[in-house]
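K.L.:
This one is upload.cif, mmCIF, N, CA and C atoms.
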```cif
data_target
loop_
_atom_site.label_atom_id
_atom_site.label_comp_id
_atom_site.auth_asym_id
_atom_site.auth_seq_id
_atom_site.Cartn_x
_atom_site.Cartn_y
_atom_site.Cartn_z
N MET A 1 32.91 11.92 -60.80
CA MET A 1 31.46 11.99 -60.86
C MET A 1 30.82 11.53 -59.55
N ARG A 2 31.56 10.73 -58.79
CA ARG A 2 31.00 10.24 -57.54
C ARG A 2 30.82 11.37 -56.53
N SER A 3 31.60 12.42 -56.64
CA SER A 3 31.52 13.51 -55.66
C SER A 3 30.36 14.47 -55.95
N LEU A 4 29.73 14.36 -57.09
CA LEU A 4 28.63 15.26 -57.44
C LEU A 4 27.47 15.18 -56.46
N PRO A 5 26.96 14.01 -56.05
CA PRO A 5 25.89 13.98 -55.06
C PRO A 5 26.33 14.56 -53.71
N ILE A 6 27.58 14.36 -53.36
CA ILE A 6 28.09 14.91 -52.10
C ILE A 6 28.15 16.43 -52.18
N LEU A 7 28.55 16.94 -53.32
CA LEU A 7 28.61 18.38 -53.52
C LEU A 7 27.21 19.00 -53.37
N HIS A 8 26.21 18.37 -53.93
CA HIS A 8 24.83 18.86 -53.79
C HIS A 8 24.41 18.85 -52.32
N TRP A 9 24.77 17.80 -51.63
CA TRP A 9 24.42 17.67 -50.21
C TRP A 9 25.10 18.78 -49.39
N LEU A 10 26.36 19.06 -49.68
CA LEU A 10 27.08 20.10 -48.97
C LEU A 10 26.48 21.49 -49.25
N LEU A 11 26.11 21.74 -50.50
CA LEU A 11 25.47 23.00 -50.82
C LEU A 11 24.14 23.15 -50.09
N PHE A 12 23.39 22.08 -50.00
CA PHE A 12 22.13 22.09 -49.27
C PHE A 12 22.36 22.43 -47.80
N LEU A 13 23.37 21.78 -47.18
CA LEU A 13 23.67 22.05 -45.78
C LEU A 13 24.13 23.49 -45.56
N LEU A 14 24.89 24.02 -46.49
CA LEU A 14 25.35 25.40 -46.38
C LEU A 14 24.17 26.38 -46.42
N THR A 15 23.21 26.12 -47.27
CA THR A 15 22.06 27.02 -47.34
C THR A 15 21.25 27.00 -46.06
N LEU A 16 21.26 25.88 -45.36
CA LEU A 16 20.54 25.80 -44.10
C LEU A 16 21.20 26.64 -43.01
N HIS A 17 22.52 26.80 -43.11
CA HIS A 17 23.26 27.49 -42.07
C HIS A 17 23.60 28.94 -42.40
N THR A 18 23.19 29.41 -43.58
CA THR A 18 23.49 30.81 -43.90
C THR A 18 22.56 31.72 -43.10
N PRO A 19 23.10 32.81 -42.60
CA PRO A 19 22.26 33.73 -41.82
C PRO A 19 21.20 34.38 -42.69
N GLN A 20 20.04 34.64 -42.10
CA GLN A 20 18.95 35.28 -42.81
C GLN A 20 19.28 36.76 -43.02
N ALA A 21 18.79 37.30 -44.11
CA ALA A 21 19.00 38.71 -44.41
C ALA A 21 18.28 39.55 -43.37
N GLN A 22 18.93 40.61 -42.94
CA GLN A 22 18.34 41.51 -41.96
C GLN A 22 17.80 42.74 -42.67
N GLY A 23 16.88 43.43 -42.03
CA GLY A 23 16.34 44.66 -42.60
C GLY A 23 14.93 44.48 -43.07
N ALA A 24 14.46 45.48 -43.79
CA ALA A 24 13.08 45.47 -44.27
C ALA A 24 12.92 44.48 -45.41
N PRO A 25 11.78 43.81 -45.46
CA PRO A 25 11.55 42.89 -46.56
C PRO A 25 11.41 43.64 -47.87
N VAL A 26 11.79 42.98 -48.95
CA VAL A 26 11.67 43.58 -50.27
C VAL A 26 10.19 43.62 -50.63
N LYS A 27 9.76 44.79 -51.09
CA LYS A 27 8.35 44.94 -51.42
C LYS A 27 8.20 45.09 -52.93
N THR A 28 7.39 44.22 -53.51
CA THR A 28 7.03 44.36 -54.91
C THR A 28 5.93 45.41 -54.97
N PRO A 29 5.64 45.95 -56.16
CA PRO A 29 4.58 46.96 -56.22
C PRO A 29 3.25 46.50 -55.62
N GLY A 30 2.86 45.27 -55.82
CA GLY A 30 1.61 44.76 -55.26
C GLY A 30 1.64 44.67 -53.75
N THR A 31 2.74 44.15 -53.20
CA THR A 31 2.82 44.04 -51.75
C THR A 31 3.01 45.40 -51.10
N GLN A 32 3.67 46.33 -51.80
CA GLN A 32 3.84 47.67 -51.27
C GLN A 32 2.48 48.36 -51.18
N GLN A 33 1.64 48.18 -52.19
CA GLN A 33 0.30 48.76 -52.15
C GLN A 33 -0.48 48.23 -50.96
N CYS A 34 -0.44 46.94 -50.77
CA CYS A 34 -1.18 46.33 -49.66
C CYS A 34 -0.60 46.76 -48.32
N TYR A 35 0.71 46.93 -48.27
CA TYR A 35 1.36 47.40 -47.05
C TYR A 35 0.87 48.81 -46.70
N VAL A 36 0.83 49.67 -47.70
CA VAL A 36 0.36 51.04 -47.48
C VAL A 36 -1.12 51.03 -47.09
N LEU A 37 -1.90 50.18 -47.72
CA LEU A 37 -3.32 50.09 -47.36
C LEU A 37 -3.49 49.66 -45.90
N ASN A 38 -2.65 48.76 -45.44
CA ASN A 38 -2.69 48.36 -44.03
C ASN A 38 -2.31 49.53 -43.12
N LEU A 39 -1.30 50.30 -43.52
CA LEU A 39 -0.91 51.48 -42.74
C LEU A 39 -2.08 52.47 -42.67
N ILE A 40 -2.75 52.68 -43.79
CA ILE A 40 -3.89 53.59 -43.83
C ILE A 40 -4.99 53.09 -42.90
N ARG A 41 -5.25 51.81 -42.92
CA ARG A 41 -6.26 51.22 -42.03
C ARG A 41 -5.91 51.47 -40.56
N GLU A 42 -4.63 51.28 -40.22
CA GLU A 42 -4.18 51.51 -38.84
C GLU A 42 -4.35 52.98 -38.45
N ILE A 43 -4.01 53.89 -39.36
CA ILE A 43 -4.14 55.32 -39.06
C ILE A 43 -5.61 55.67 -38.82
N ILE A 44 -6.50 55.16 -39.68
CA ILE A 44 -7.92 55.46 -39.52
C ILE A 44 -8.44 54.91 -38.20
N ASN A 45 -7.99 53.73 -37.80
CA ASN A 45 -8.38 53.19 -36.50
C ASN A 45 -7.92 54.10 -35.37
N GLU A 46 -6.69 54.61 -35.47
CA GLU A 46 -6.18 55.53 -34.46
C GLU A 46 -6.97 56.84 -34.46
N LEU A 47 -7.30 57.33 -35.64
CA LEU A 47 -8.08 58.57 -35.73
C LEU A 47 -9.44 58.41 -35.08
N ASP A 48 -10.04 57.24 -35.27
CA ASP A 48 -11.36 56.99 -34.68
C ASP A 48 -11.30 56.97 -33.15
N ASN A 49 -10.13 56.73 -32.58
CA ASN A 49 -9.98 56.68 -31.13
C ASN A 49 -9.55 58.01 -30.51
N LEU A 50 -9.34 59.03 -31.35
CA LEU A 50 -8.94 60.33 -30.81
C LEU A 50 -10.10 60.97 -30.05
N PRO A 51 -9.81 61.60 -28.91
CA PRO A 51 -10.87 62.29 -28.17
C PRO A 51 -11.21 63.62 -28.83
N VAL A 52 -12.25 63.62 -29.65
CA VAL A 52 -12.63 64.80 -30.42
C VAL A 52 -13.97 65.31 -29.92
N ALA A 53 -14.04 66.63 -29.65
CA ALA A 53 -15.28 67.22 -29.14
C ALA A 53 -16.38 67.20 -30.20
N SER A 54 -16.04 67.58 -31.42
CA SER A 54 -17.04 67.56 -32.49
C SER A 54 -16.33 67.28 -33.81
N GLU A 55 -17.06 66.67 -34.70
CA GLU A 55 -16.52 66.33 -36.02
C GLU A 55 -16.73 67.51 -36.95
N ASP A 56 -15.66 68.01 -37.54
CA ASP A 56 -15.76 69.10 -38.48
C ASP A 56 -16.12 68.54 -39.86
N PHE A 57 -16.54 69.40 -40.76
CA PHE A 57 -16.90 68.99 -42.11
C PHE A 57 -16.02 69.70 -43.11
N LEU A 58 -15.79 69.03 -44.23
CA LEU A 58 -14.98 69.62 -45.29
C LEU A 58 -15.86 70.39 -46.25
N ASN A 59 -15.37 71.55 -46.68
CA ASN A 59 -16.06 72.21 -47.77
C ASN A 59 -15.51 71.64 -49.08
N SER A 60 -16.17 71.91 -50.18
CA SER A 60 -15.79 71.29 -51.46
C SER A 60 -14.40 71.71 -51.91
N ASN A 61 -13.98 72.93 -51.61
CA ASN A 61 -12.64 73.39 -51.98
C ASN A 61 -11.57 72.61 -51.23
N GLU A 62 -11.77 72.39 -49.93
CA GLU A 62 -10.80 71.61 -49.14
C GLU A 62 -10.73 70.18 -49.66
N LYS A 63 -11.87 69.61 -49.98
CA LYS A 63 -11.91 68.23 -50.47
C LYS A 63 -11.12 68.10 -51.78
N ARG A 64 -11.30 69.05 -52.68
CA ARG A 64 -10.56 69.03 -53.95
C ARG A 64 -9.06 69.11 -53.70
N ARG A 65 -8.64 69.96 -52.77
CA ARG A 65 -7.21 70.13 -52.49
C ARG A 65 -6.61 68.87 -51.88
N LEU A 66 -7.39 68.13 -51.12
CA LEU A 66 -6.89 66.89 -50.53
C LEU A 66 -6.72 65.80 -51.58
N MET A 67 -7.52 65.85 -52.61
CA MET A 67 -7.51 64.80 -53.62
C MET A 67 -6.50 65.04 -54.73
N LYS A 68 -5.99 66.25 -54.86
CA LYS A 68 -5.04 66.56 -55.93
C LYS A 68 -3.71 65.86 -55.67
N THR A 69 -3.32 65.03 -56.59
CA THR A 69 -2.09 64.25 -56.45
C THR A 69 -0.88 65.14 -56.26
N ARG A 70 -0.82 66.24 -56.96
CA ARG A 70 0.37 67.11 -56.86
C ARG A 70 0.49 67.78 -55.50
N LEU A 71 -0.58 67.75 -54.70
CA LEU A 71 -0.53 68.33 -53.36
C LEU A 71 -0.38 67.27 -52.27
N TRP A 72 -0.26 66.01 -52.64
CA TRP A 72 -0.17 64.96 -51.63
C TRP A 72 1.03 65.12 -50.71
N MET A 73 2.18 65.42 -51.28
CA MET A 73 3.37 65.55 -50.45
C MET A 73 3.30 66.80 -49.56
N PRO A 74 2.95 67.98 -50.10
CA PRO A 74 2.82 69.14 -49.21
C PRO A 74 1.74 68.93 -48.14
N ASN A 75 0.64 68.28 -48.51
CA ASN A 75 -0.41 68.01 -47.52
C ASN A 75 0.10 67.05 -46.45
N LEU A 76 0.87 66.05 -46.85
CA LEU A 76 1.43 65.11 -45.89
C LEU A 76 2.31 65.84 -44.88
N GLU A 77 3.08 66.79 -45.36
CA GLU A 77 3.94 67.58 -44.46
C GLU A 77 3.09 68.31 -43.42
N GLU A 78 1.96 68.83 -43.84
CA GLU A 78 1.06 69.52 -42.90
C GLU A 78 0.52 68.54 -41.86
N PHE A 79 0.11 67.35 -42.31
CA PHE A 79 -0.40 66.35 -41.38
C PHE A 79 0.68 65.87 -40.42
N LEU A 80 1.90 65.69 -40.93
CA LEU A 80 3.00 65.28 -40.07
C LEU A 80 3.32 66.34 -39.01
N THR A 81 3.32 67.59 -39.41
CA THR A 81 3.58 68.68 -38.47
C THR A 81 2.52 68.70 -37.37
N PHE A 82 1.25 68.61 -37.78
CA PHE A 82 0.17 68.63 -36.79
C PHE A 82 0.28 67.42 -35.86
N ALA A 83 0.52 66.24 -36.44
CA ALA A 83 0.61 65.02 -35.63
C ALA A 83 1.76 65.12 -34.63
N THR A 84 2.89 65.65 -35.05
CA THR A 84 4.03 65.80 -34.15
C THR A 84 3.71 66.78 -33.03
N ASN A 85 3.12 67.91 -33.38
CA ASN A 85 2.83 68.94 -32.38
C ASN A 85 1.70 68.55 -31.44
N SER A 86 0.70 67.86 -31.94
CA SER A 86 -0.49 67.58 -31.13
C SER A 86 -0.51 66.18 -30.52
N LEU A 87 0.06 65.22 -31.22
CA LEU A 87 0.01 63.83 -30.75
C LEU A 87 1.34 63.33 -30.22
N GLY A 88 2.42 64.00 -30.59
CA GLY A 88 3.75 63.63 -30.11
C GLY A 88 4.56 62.87 -31.16
N GLU A 89 5.86 62.87 -30.94
CA GLU A 89 6.81 62.21 -31.83
C GLU A 89 6.54 60.73 -32.00
N ASP A 90 6.09 60.09 -30.93
CA ASP A 90 5.94 58.64 -30.93
C ASP A 90 4.55 58.15 -31.29
N SER A 91 3.69 59.04 -31.77
CA SER A 91 2.32 58.60 -32.08
C SER A 91 2.34 57.65 -33.28
N LYS A 92 1.45 56.68 -33.23
CA LYS A 92 1.34 55.71 -34.31
C LYS A 92 0.92 56.38 -35.61
N ILE A 93 0.08 57.39 -35.51
CA ILE A 93 -0.36 58.11 -36.71
C ILE A 93 0.84 58.74 -37.40
N LYS A 94 1.70 59.42 -36.63
CA LYS A 94 2.88 60.06 -37.22
C LYS A 94 3.82 59.02 -37.84
N LYS A 95 4.05 57.94 -37.12
CA LYS A 95 4.95 56.91 -37.63
C LYS A 95 4.44 56.30 -38.92
N ASN A 96 3.14 56.02 -38.99
CA ASN A 96 2.58 55.43 -40.19
C ASN A 96 2.56 56.41 -41.36
N LEU A 97 2.31 57.68 -41.07
CA LEU A 97 2.37 58.69 -42.13
C LEU A 97 3.79 58.76 -42.72
N LYS A 98 4.80 58.67 -41.87
CA LYS A 98 6.18 58.68 -42.34
C LYS A 98 6.46 57.47 -43.25
N GLU A 99 5.82 56.34 -42.94
CA GLU A 99 5.99 55.13 -43.76
C GLU A 99 5.36 55.30 -45.14
N ILE A 100 4.30 56.09 -45.22
CA ILE A 100 3.60 56.31 -46.49
C ILE A 100 4.36 57.29 -47.37
N GLN A 101 5.11 58.17 -46.77
CA GLN A 101 5.80 59.25 -47.48
C GLN A 101 6.57 58.80 -48.73
N PRO A 102 7.35 57.71 -48.68
CA PRO A 102 8.15 57.35 -49.86
C PRO A 102 7.33 56.97 -51.10
N ILE A 103 6.09 56.59 -50.94
CA ILE A 103 5.33 56.16 -52.12
C ILE A 103 4.60 57.31 -52.79
N LEU A 104 4.58 58.47 -52.16
CA LEU A 104 3.84 59.60 -52.73
C LEU A 104 4.64 60.27 -53.84
N PRO A 105 3.93 60.78 -54.85
CA PRO A 105 4.64 61.50 -55.91
C PRO A 105 5.23 62.79 -55.36
N THR A 106 6.39 63.14 -55.87
CA THR A 106 7.10 64.33 -55.36
C THR A 106 6.96 65.51 -56.32
N THR A 107 5.80 65.65 -56.92
CA THR A 107 5.58 66.76 -57.83
C THR A 107 5.52 68.07 -57.05
N THR A 108 5.86 69.14 -57.73
CA THR A 108 5.80 70.45 -57.09
C THR A 108 4.55 71.18 -57.54
N SER A 109 4.08 72.04 -56.69
CA SER A 109 2.87 72.80 -57.00
C SER A 109 3.01 74.20 -56.44
N THR A 110 2.40 75.14 -57.12
CA THR A 110 2.39 76.50 -56.61
C THR A 110 1.19 76.72 -55.69
N GLU A 111 0.30 75.75 -55.64
CA GLU A 111 -0.87 75.85 -54.77
C GLU A 111 -0.47 75.62 -53.32
N GLU A 112 -1.23 76.22 -52.44
CA GLU A 112 -0.99 76.05 -51.01
C GLU A 112 -1.54 74.70 -50.54
N PRO A 113 -0.83 74.05 -49.62
CA PRO A 113 -1.36 72.79 -49.06
C PRO A 113 -2.57 73.06 -48.17
N ILE A 114 -3.16 72.00 -47.73
CA ILE A 114 -4.34 72.07 -46.86
C ILE A 114 -3.97 72.80 -45.57
N LEU A 115 -4.93 73.49 -45.01
CA LEU A 115 -4.73 74.19 -43.75
C LEU A 115 -5.49 73.43 -42.66
N ILE A 116 -4.81 73.11 -41.58
CA ILE A 116 -5.44 72.43 -40.45
C ILE A 116 -5.52 73.43 -39.31
N GLU A 117 -6.72 73.60 -38.79
CA GLU A 117 -6.90 74.55 -37.69
C GLU A 117 -6.04 74.13 -36.50
N LYS A 118 -5.35 75.10 -35.93
CA LYS A 118 -4.44 74.83 -34.82
C LYS A 118 -5.19 74.22 -33.63
N ASP A 119 -4.63 73.16 -33.09
CA ASP A 119 -5.17 72.45 -31.92
C ASP A 119 -6.58 71.91 -32.12
N ASN A 120 -7.00 71.71 -33.37
CA ASN A 120 -8.34 71.21 -33.63
C ASN A 120 -8.24 69.76 -34.13
N LEU A 121 -8.34 68.81 -33.20
CA LEU A 121 -8.24 67.40 -33.58
C LEU A 121 -9.36 66.97 -34.52
N GLY A 122 -10.54 67.56 -34.38
CA GLY A 122 -11.65 67.24 -35.27
C GLY A 122 -11.34 67.60 -36.71
N ASP A 123 -10.77 68.79 -36.91
CA ASP A 123 -10.38 69.24 -38.24
C ASP A 123 -9.29 68.33 -38.80
N PHE A 124 -8.31 68.02 -37.98
CA PHE A 124 -7.23 67.12 -38.37
C PHE A 124 -7.79 65.76 -38.79
N ARG A 125 -8.67 65.21 -37.98
CA ARG A 125 -9.20 63.88 -38.23
C ARG A 125 -10.00 63.82 -39.53
N VAL A 126 -10.91 64.75 -39.74
CA VAL A 126 -11.75 64.69 -40.93
C VAL A 126 -10.92 64.91 -42.20
N LYS A 127 -9.95 65.81 -42.15
CA LYS A 127 -9.12 66.06 -43.33
C LYS A 127 -8.17 64.91 -43.60
N LEU A 128 -7.61 64.34 -42.56
CA LEU A 128 -6.68 63.22 -42.76
C LEU A 128 -7.43 62.00 -43.28
N LYS A 129 -8.63 61.75 -42.80
CA LYS A 129 -9.41 60.63 -43.31
C LYS A 129 -9.70 60.80 -44.80
N GLU A 130 -10.07 61.98 -45.20
CA GLU A 130 -10.37 62.25 -46.62
C GLU A 130 -9.11 62.09 -47.47
N TYR A 131 -7.99 62.59 -46.95
CA TYR A 131 -6.70 62.49 -47.63
C TYR A 131 -6.31 61.02 -47.82
N LEU A 132 -6.44 60.24 -46.76
CA LEU A 132 -6.09 58.82 -46.82
C LEU A 132 -7.03 58.07 -47.75
N SER A 133 -8.28 58.46 -47.80
CA SER A 133 -9.23 57.83 -48.73
C SER A 133 -8.82 58.07 -50.17
N ALA A 134 -8.35 59.28 -50.47
CA ALA A 134 -7.90 59.59 -51.82
C ALA A 134 -6.68 58.74 -52.20
N ILE A 135 -5.76 58.58 -51.26
CA ILE A 135 -4.58 57.75 -51.53
C ILE A 135 -5.00 56.29 -51.71
N ARG A 136 -5.86 55.81 -50.83
CA ARG A 136 -6.33 54.43 -50.90
C ARG A 136 -7.02 54.17 -52.23
N ASP A 137 -7.87 55.09 -52.65
CA ASP A 137 -8.57 54.92 -53.92
C ASP A 137 -7.62 54.91 -55.10
N SER A 138 -6.56 55.71 -55.03
CA SER A 138 -5.60 55.75 -56.14
C SER A 138 -4.76 54.48 -56.22
N LEU A 139 -4.55 53.82 -55.11
CA LEU A 139 -3.76 52.59 -55.12
C LEU A 139 -4.49 51.46 -55.82
N ASN A 140 -5.80 51.48 -55.72
CA ASN A 140 -6.63 50.53 -56.46
C ASN A 140 -6.26 49.08 -56.20
N CYS A 141 -5.94 48.77 -54.95
CA CYS A 141 -5.58 47.40 -54.59
C CYS A 141 -6.85 46.65 -54.21
N LYS A 142 -6.93 45.39 -54.59
CA LYS A 142 -8.14 44.60 -54.32
C LYS A 142 -8.22 44.11 -52.89
N ASN A 143 -7.16 44.31 -52.09
CA ASN A 143 -7.15 43.79 -50.72
C ASN A 143 -7.64 44.81 -49.69
N THR A 144 -8.53 45.70 -50.05
CA THR A 144 -9.02 46.69 -49.08
C THR A 144 -10.10 46.16 -48.22
#
```
Transcribe the structure of this file into structure tokens.
P.N.:
Amino acid sequence: MRSLPILHWLLFLLTLHTPQAQGAPVKTPGTQQCYVLNLIREIINELDNLPVASEDFLNSNEKRRLMKTRLWMPNLEEFLTFATNSLGEDSKIKKNLKEIQPILPTTTSTEEPILIEKDNLGDFRVKLKEYLSAIRDSLNCKNT
């Protein structure tokens, strides 16, 4: 019985010297929501800094298509393609969109995804902002 306090002390010392786990932190549903909301905030900040000649407007049909949950994944693919082609592989917008991808529902739809006018950063920006707003609203996290 005398060795019991020593055993506790040794276990304590061992925990101090164990290497920390490497890799991405484990995300609970609440922290994952807040993480995605932070990514959305960063993307919107980047979008606001894009050199855009004029701001385009969404018609009601485009807005509905951006908000449909079953089109989120196909729409994301369109945004990723545009971001890669227009902003480059290393753009923060593209990287953050890739981070959001795993949380989106993977439902299939026969509807066509959103169309982004070629080389039109204004169209890209207004549609992506609306798309991100729909995702943010669906997450319903209090830390916005």
K.L.:
Nearest to A:Ser86: which of A:Lys129, A:Arg41, A:Arg64, A:Lys118 is it, counting only C-alpha atoms?
P.N.:
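Distance minimum relative to A:Ser86 lands on A:Lys118.
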K.L.:
The PyMOL selection byres ((chain A and resi 101-104) around 8) - which residues does that actually catch in the file I just gave you? List them as a list in words.
P.N.:
Thr69, Trp72, Met73, Leu76, Asn96, Leu97, Lys98, Glu99, Ile100, Pro105, Thr106 and Thr107 of chain A
K.L.:
May I ask for the distance between atom CA of A:Leu71 and atom CA of A:Leu128, given in Å to one decimal place?
P.N.:
13.3 Å
K.L.:
Select, from A:Lys95, A:Asn75, A:Leu66, A:Val52, the residue with the minimum atom-to-atom distance to A:Asp123, counting only N, CA and C atoms.
P.N.:
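Of A:Lys95, A:Asn75, A:Leu66, A:Val52, the one nearest A:Asp123 is A:Val52, counting only N, CA and C atoms.
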K.L.:
Find the distance between atom N of A:Ile93 and atom CA of A:Ile43 and write it in Å to one decimal.
P.N.:
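Value for the atom N of A:Ile93-atom CA of A:Ile43 distance: 5.9 Å.
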K.L.:
Just checking: using only C-alpha atoms, which residue out of A:Leu87, A:Ile40, A:Leu121, A:Leu50 ends up closest to A:Ala134?
P.N.:
A:Ile40
K.L.:
Among stretch 12-138 of chain A, which residues does DSSP mark as helix (DSSP H, G or I) when it is run on the backbone? Keep the chain and numbering as in the structure and answer as an NGL selection string.
P.N.:
:A and (12-17 or 29-48 or 60-67 or 69-87 or 92-103 or 121-138)
K.L.:
If I take atom C of A:Gln33 and atom CA of A:Asn59, how far is one from the other in Å, to one decimal?
P.N.:
28.8 Å
K.L.:
Which of these residues is nearest to A:Ser109, using all atoms listed in the file: A:Arg70, A:Leu132, A:Phe57, A:Glu46?
P.N.:
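Of A:Arg70, A:Leu132, A:Phe57, A:Glu46, the one nearest A:Ser109, counting all atoms listed in the file, is A:Arg70.
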K.L.:
Considering only C-alpha atoms, can you say which of A:Thr110, A:Thr81, A:Asn38, A:Ser138 comes closest to A:Lys94?
P.N.:
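The closest residue to A:Lys94 is A:Thr81.
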